[in-house]
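Raw contents of work.csv, CSV, C-alpha atoms and all ligand atoms:
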chain,number,residue,atom,x,y,z
V,23,MET,CA,52.8,9.2,13.2
V,24,LYS,CA,52.5,6.0,15.2
V,25,LYS,CA,49.6,7.5,17.1
V,26,GLN,CA,47.9,8.6,13.9
V,27,THR,CA,48.1,5.0,12.5
V,28,ARG,CA,46.5,3.7,15.7
V,29,ASN,CA,43.7,6.2,15.5
V,30,LEU,CA,43.1,5.3,11.9
V,31,THR,CA,42.9,1.6,12.8
V,32,LEU,CA,40.4,2.4,15.6
V,33,ALA,CA,38.4,4.5,13.2
V,34,LEU,CA,38.3,1.6,10.7
V,35,VAL,CA,37.3,-0.9,13.3
V,36,ALA,CA,34.5,1.5,14.4
V,37,ALA,CA,33.4,2.0,10.8
V,38,VAL,CA,33.3,-1.8,10.1
V,39,SER,CA,31.3,-2.5,13.3
V,40,PHE,CA,28.9,0.3,12.6
V,41,GLY,CA,28.4,-1.0,9.1
V,42,THR,CA,27.5,-4.5,10.4
V,43,PHE,CA,25.0,-3.3,13.0
V,44,GLY,CA,23.7,-0.6,10.7
V,45,GLY,CA,23.1,-3.3,8.1
V,46,GLN,CA,21.2,-5.4,10.6
V,47,ALA,CA,19.0,-2.5,11.6
V,48,ALA,CA,18.3,-1.8,7.9
V,49,PHE,CA,17.4,-5.5,7.4
V,50,ALA,CA,15.0,-5.5,10.4
V,51,GLN,CA,13.2,-2.4,8.9
V,52,GLN,CA,12.7,-4.1,5.6
V,53,VAL,CA,10.7,-7.1,6.9
V,54,GLN,CA,7.4,-7.2,5.1
V,55,SER,CA,4.3,-9.4,5.3
V,56,LEU,CA,3.4,-11.4,2.2
V,57,ARG,CA,0.8,-8.7,1.4
V,58,GLY,CA,3.4,-6.0,1.6
V,59,ALA,CA,2.5,-4.5,5.0
V,60,PRO,CA,5.6,-3.6,7.1
V,61,VAL,CA,6.3,-6.0,10.0
V,62,ASP,CA,7.9,-4.8,13.1
V,63,ALA,CA,10.4,-7.6,13.7
V,64,ALA,CA,11.0,-6.4,17.3
V,65,GLU,CA,7.3,-6.9,18.3
V,66,PRO,CA,6.5,-10.2,19.9
V,67,ALA,CA,4.2,-12.5,17.9
V,68,THR,CA,0.5,-12.5,18.9
V,69,PRO,CA,0.1,-15.6,21.1
V,70,ALA,CA,-2.0,-18.4,19.5
V,71,ALA,CA,-5.6,-18.5,20.7
V,72,HIS,CA,-6.6,-21.4,22.8
V,73,ILE,CA,-10.0,-23.2,22.8
V,74,ARG,CA,-11.4,-22.3,26.2
V,75,PRO,CA,-11.6,-25.2,28.6
V,76,ASP,CA,-14.9,-27.2,29.0
V,77,GLY,CA,-17.3,-25.3,31.1
V,78,PRO,CA,-21.0,-24.6,31.8
V,79,ALA,CA,-23.4,-23.4,29.0
V,80,ILE,CA,-22.7,-19.9,27.7
V,81,ALA,CA,-25.5,-17.4,28.0
V,82,ARG,CA,-27.1,-16.5,24.7
V,83,ASP,CA,-27.2,-13.0,23.3
V,84,TYR,CA,-30.4,-13.2,21.2
V,85,VAL,CA,-33.3,-15.5,21.2
V,86,GLN,CA,-32.7,-17.5,18.0
V,87,GLN,CA,-28.9,-17.8,18.5
V,88,PRO,CA,-27.4,-21.2,18.0
V,89,PRO,CA,-25.9,-21.7,21.5
V,90,LEU,CA,-22.1,-21.5,21.6
V,91,ILE,CA,-20.2,-24.7,22.3
V,92,PRO,CA,-18.8,-24.6,25.9
V,93,HIS,CA,-16.4,-27.5,25.3
V,94,LYS,CA,-13.6,-28.8,23.1
V,95,VAL,CA,-14.6,-30.4,19.8
V,96,GLU,CA,-11.1,-31.4,18.5
V,97,GLY,CA,-11.2,-34.8,17.0
V,98,TYR,CA,-15.0,-35.1,17.0
V,99,GLU,CA,-15.9,-36.7,13.8
V,100,VAL,CA,-18.9,-35.5,11.9
V,101,THR,CA,-19.1,-37.3,8.6
V,102,LYS,CA,-21.7,-38.9,6.4
V,103,ASN,CA,-21.3,-42.1,8.4
V,104,PHE,CA,-20.9,-40.9,11.9
V,105,ASN,CA,-21.9,-37.9,14.1
V,106,LYS,CA,-19.9,-37.7,17.3
V,107,CYS,CA,-22.0,-34.8,18.6
V,108,MET,CA,-25.1,-37.0,18.6
V,109,ASP,CA,-23.3,-39.4,20.9
V,110,CYS,CA,-24.0,-37.0,23.7
V,111,HIS,CA,-26.7,-34.7,22.4
V,112,ALA,CA,-29.2,-37.2,20.9
V,113,TRP,CA,-32.5,-37.4,22.8
V,114,SER,CA,-31.6,-41.1,23.5
V,115,ARG,CA,-28.2,-40.2,25.0
V,116,TYR,CA,-28.2,-36.7,26.6
V,117,GLN,CA,-29.2,-37.8,30.1
V,118,GLU,CA,-26.4,-40.2,30.3
V,119,PHE,CA,-23.9,-37.4,29.5
V,120,ASN,CA,-25.7,-34.6,31.3
V,121,ALA,CA,-25.7,-32.7,27.9
V,122,THR,CA,-28.4,-30.5,26.4
V,123,LYS,CA,-30.6,-32.5,24.0
V,124,VAL,CA,-30.7,-31.2,20.4
V,125,SER,CA,-33.5,-28.7,19.9
V,126,LEU,CA,-36.8,-30.1,18.7
V,127,THR,CA,-36.4,-27.6,15.8
V,128,HIS,CA,-33.6,-29.9,14.5
V,129,PHE,CA,-36.1,-32.6,13.6
V,130,LYS,CA,-37.9,-30.6,10.9
V,131,ASP,CA,-37.3,-31.1,7.2
V,132,ARG,CA,-37.2,-28.1,4.9
V,133,ASP,CA,-41.0,-28.3,4.3
V,134,GLY,CA,-41.7,-28.2,8.0
V,135,GLY,CA,-42.4,-31.9,8.2
V,136,GLU,CA,-41.5,-33.6,11.5
V,137,LEU,CA,-38.8,-36.3,11.2
V,138,SER,CA,-38.0,-39.1,13.7
V,139,ASN,CA,-34.3,-38.3,13.7
V,140,ILE,CA,-32.0,-35.3,13.2
V,141,SER,CA,-32.8,-33.5,10.0
V,142,PRO,CA,-30.2,-33.5,7.3
V,143,ARG,CA,-30.5,-29.7,7.5
V,144,ARG,CA,-29.1,-29.8,11.0
V,145,TYR,CA,-26.7,-32.7,10.6
V,146,PHE,CA,-23.5,-30.7,10.3
V,147,CYS,CA,-23.6,-29.1,13.8
V,148,LEU,CA,-20.5,-26.9,13.3
V,149,GLN,CA,-22.1,-25.0,10.5
V,150,CYS,CA,-24.0,-23.1,13.2
V,151,HIS,CA,-22.5,-24.0,16.6
V,152,ILE,CA,-19.0,-23.0,17.3
V,153,PRO,CA,-16.5,-23.5,20.1
V,154,GLN,CA,-14.9,-20.5,21.7
V,155,THR,CA,-11.3,-19.4,22.1
V,156,ASP,CA,-9.6,-16.8,24.4
V,157,ALA,CA,-8.6,-14.7,21.4
V,158,LYS,CA,-9.2,-10.9,21.7
V,159,PRO,CA,-11.9,-9.6,19.4
V,160,LEU,CA,-10.3,-8.2,16.2
V,161,VAL,CA,-12.7,-5.3,16.1
V,162,ASP,CA,-14.4,-3.6,19.0
V,163,ASN,CA,-18.2,-3.7,19.1
V,164,ASN,CA,-20.9,-2.5,21.4
V,165,PHE,CA,-23.5,-5.2,20.7
V,166,LYS,CA,-25.9,-5.5,23.6
V,167,ARG,CA,-27.6,-8.7,24.7
V,168,ALA,CA,-31.3,-8.8,23.5
V,169,GLU,CA,-33.6,-7.2,26.1
V,170,GLY,CA,-35.5,-10.3,27.0
V,171,LEU,CA,-32.2,-12.1,27.8
V,172,ARG,CA,-30.5,-9.5,30.0
L,201,LIG,C1,-18.8,-36.4,25.4
L,201,LIG,C2,-20.1,-35.8,25.2
L,201,LIG,C3,-20.2,-34.7,24.3
L,201,LIG,C4,-19.9,-34.6,23.0
L,201,LIG,C5,-19.3,-35.7,22.1
L,201,LIG,C6,-20.3,-33.3,22.5
L,201,LIG,N1,-20.9,-32.6,23.5
L,201,LIG,FE1,-21.7,-30.7,23.4
L,201,LIG,N2,-22.1,-30.7,25.4
L,201,LIG,C7,-21.8,-31.8,26.2
L,201,LIG,C8,-22.2,-31.4,27.6
L,201,LIG,C9,-22.1,-32.3,28.8
L,201,LIG,C10,-22.8,-30.1,27.5
L,201,LIG,C11,-23.4,-29.3,28.6
L,201,LIG,C12,-22.4,-28.4,29.3
L,201,LIG,C13,-23.2,-27.7,30.4
L,201,LIG,O1,-24.3,-27.2,30.1
L,201,LIG,O2,-22.7,-27.7,31.5
L,201,LIG,C14,-22.6,-29.7,26.1
L,201,LIG,C15,-23.0,-28.5,25.6
L,201,LIG,C16,-23.1,-28.2,24.2
L,201,LIG,C17,-23.7,-27.0,23.7
L,201,LIG,C18,-24.4,-25.8,24.5
L,201,LIG,C19,-25.8,-26.1,24.7
L,201,LIG,C20,-26.5,-25.0,25.4
L,201,LIG,O3,-27.7,-25.1,25.7
L,201,LIG,O4,-25.9,-23.9,25.6
L,201,LIG,C21,-23.6,-27.1,22.3
L,201,LIG,C22,-24.1,-26.1,21.3
L,201,LIG,C23,-22.9,-28.3,22.0
L,201,LIG,N3,-22.6,-28.9,23.2
L,201,LIG,C24,-22.6,-28.7,20.8
L,201,LIG,C25,-21.8,-29.8,20.5
L,201,LIG,C26,-21.3,-30.1,19.2
L,201,LIG,C27,-21.6,-29.3,17.9
L,201,LIG,C28,-20.6,-31.3,19.3
L,201,LIG,C29,-19.9,-32.1,18.2
L,201,LIG,C30,-18.9,-31.3,17.4
L,201,LIG,C31,-20.7,-31.7,20.7
L,201,LIG,N4,-21.4,-30.8,21.4
L,201,LIG,C32,-20.2,-32.9,21.2
L,201,LIG,C33,-21.3,-33.0,25.9
L,201,LIG,C34,-20.8,-33.4,24.6
L,202,LIG,C1,-28.5,-24.6,10.6
L,202,LIG,C2,-28.0,-24.3,11.9
L,202,LIG,C3,-27.9,-25.4,12.9
L,202,LIG,C4,-27.4,-26.6,12.8
L,202,LIG,C5,-26.8,-27.3,11.6
L,202,LIG,C6,-27.5,-27.2,14.1
L,202,LIG,N1,-28.0,-26.4,15.0
L,202,LIG,FE1,-28.3,-26.7,17.0
L,202,LIG,N2,-29.3,-24.9,17.1
L,202,LIG,C7,-29.4,-24.0,16.1
L,202,LIG,C8,-30.2,-22.9,16.6
L,202,LIG,C9,-30.6,-21.6,15.8
L,202,LIG,C10,-30.6,-23.2,17.9
L,202,LIG,C11,-31.4,-22.3,18.9
L,202,LIG,C12,-32.9,-22.2,18.4
L,202,LIG,C13,-33.5,-23.6,18.4
L,202,LIG,O1,-33.7,-24.2,19.4
L,202,LIG,O2,-33.7,-24.0,17.2
L,202,LIG,C14,-30.0,-24.5,18.2
L,202,LIG,C15,-30.1,-25.1,19.4
L,202,LIG,C16,-29.3,-26.2,19.8
L,202,LIG,C17,-29.2,-26.8,21.1
L,202,LIG,C18,-29.9,-26.2,22.4
L,202,LIG,C19,-31.2,-26.9,22.6
L,202,LIG,C20,-32.0,-26.3,23.8
L,202,LIG,O3,-32.9,-27.0,24.2
L,202,LIG,O4,-31.6,-25.3,24.3
L,202,LIG,C21,-28.4,-27.9,21.1
L,202,LIG,C22,-28.0,-28.7,22.2
L,202,LIG,C23,-28.0,-28.0,19.7
L,202,LIG,N3,-28.6,-27.0,19.0
L,202,LIG,C24,-27.2,-29.0,19.2
L,202,LIG,C25,-26.9,-29.2,17.9
L,202,LIG,C26,-26.2,-30.4,17.4
L,202,LIG,C27,-25.6,-31.5,18.2
L,202,LIG,C28,-26.2,-30.3,16.0
L,202,LIG,C29,-25.7,-31.3,15.0
L,202,LIG,C30,-26.3,-32.6,15.1
L,202,LIG,C31,-26.9,-29.0,15.7
L,202,LIG,N4,-27.3,-28.4,16.8
L,202,LIG,C32,-27.0,-28.5,14.4
L,202,LIG,C33,-28.9,-24.1,14.9
L,202,LIG,C34,-28.3,-25.2,14.3

Turn this file's structure into structure tokens for me.
Ligand code: HEC
Ligand code: HEC
Amino acid sequence: MKKQTRNLTLALVAAVSFGTFGGQAAFAQQVQSLRGAPVDAAEPATPAAHIRPDGPAIARDYVQQPPLIPHKVEGYEVTKNFNKCMDCHAWSRYQEFNATKVSLTHFKDRDGGELSNISPRRYFCLQCHIPQTDAKPLVDNNFKRAEGLR
């Protein structure tokens, strides 16, 4: 009889512990993203992408491509009153900073007229030029560099 009581107690303890862990497992399985996709809570989070460190110019993939930015741009102000990019990329400054001068196409107004300073159409540089991160591409692609640039 005494032995039976002890066995029963052990069985109860086992049942309670199983219930606890079983409950946690069920909870983990129920985690969902805000859009309803299931999330594997055991999977480590994707590491945040980092802007690649400053480096030399990045080869272009097609002739009319806006060159990619090979340096950090965090904190560079481009507003109505001030354009940080032109601090180094203006024709009057580029030599001092060893930067590429803005393309002469950036001085044309929308009717093809030549301006004496950067065109308003080309003022917001980050519309077209973008810095690069070390993030893995979300989708594979087999784009090949234009023939004349290989
Ligand atoms: C402190 C100076 C400085 C500032 C400010 C700066 N750049 Fe640059 N940038 C450089 C230098 C130097 C290079 C050239 C790197 C090389 O070729 O080795 C460069 C390269 C580039 C290139 C690549 C050019 C090519 O021919 O491939 C682009 C595009 C560019 N910068 C855009 C920008 C934009 C857009 C901003 C503002 C958000 C900006 N830069 C601000 C110094 C600067
Ligand atoms: C509407 C898109 C657009 C905007 C805005 C723009 N660019 Fe460009 N940029 C281009 C394209 C496209 C090219 C390559 C073809 C060419 O030279 O026009 C280029 C070329 C360049 C080059 C390389 C020039 C060379 O001689 O190889 C630099 C440097 C540059 N841009 C800097 C800037 C800066 C700085 C700004 C902001 C003041 C800016 N761009 C705004 C599209 C743009």

Please provide the set of residues having any atom within 12 Å of V:Pro78, restricted to only C-alpha atoms, with same-chain residues fewer than 6 positions apart removed, written as JSON, numbers by chain. {"V": [89, 90, 91, 92, 93, 120, 121, 122]}

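Omitting V:Ser138 and its sequence neighbours fewer than 5 positions away, and counting all atoms listed in the file, the residues within 12 Å are Ala112, Trp113, Ser114, Leu126, Thr127, His128, Phe129, Lys130 and Asp131 of chain V.
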
Residues at most 10 Å from ligand LIG 201 (chain L), using all atoms listed in the file? Could they come as a PyMOL selection string? chain V and resi 76-82+87-100+105-112+115-125+145-153

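For the atom pair formed by atom C13 of ligand LIG 202 (chain L) and atom CA of V:Ala168, the distance is 15.8 Å, given to one decimal.
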
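Across the structure, atom CA of V:Val85 and atom CA of V:Ala157 are spaced 24.7 Å apart.
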
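What separates atom C14 of ligand LIG 202 (chain L) from atom CA of V:Leu137 is a distance of 16.3 Å.
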
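Closest to ligand LIG 202 (chain L) among V:Tyr84, V:Leu56, V:Pro69, V:Arg144 is V:Arg144, based on all atoms listed in the file.
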
Of V:Pro142, V:Lys102, V:Thr68, V:Ser55, the one sitting nearest ligand LIG 202 (chain L) when using all atoms listed in the file is V:Pro142

Of the listed residues V:Arg172, V:Phe165, V:Asp83, V:Gln154, that which approaches ligand LIG 202 (chain L) most closely, counting only C-alpha atoms and all ligand atoms: V:Asp83

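The smallest atom-to-atom distance between ligand LIG 202 (chain L) and any of V:Glu169, V:Gln86, V:Thr155, V:Asn164, using only C-alpha atoms and all ligand atoms, is found for V:Gln86.
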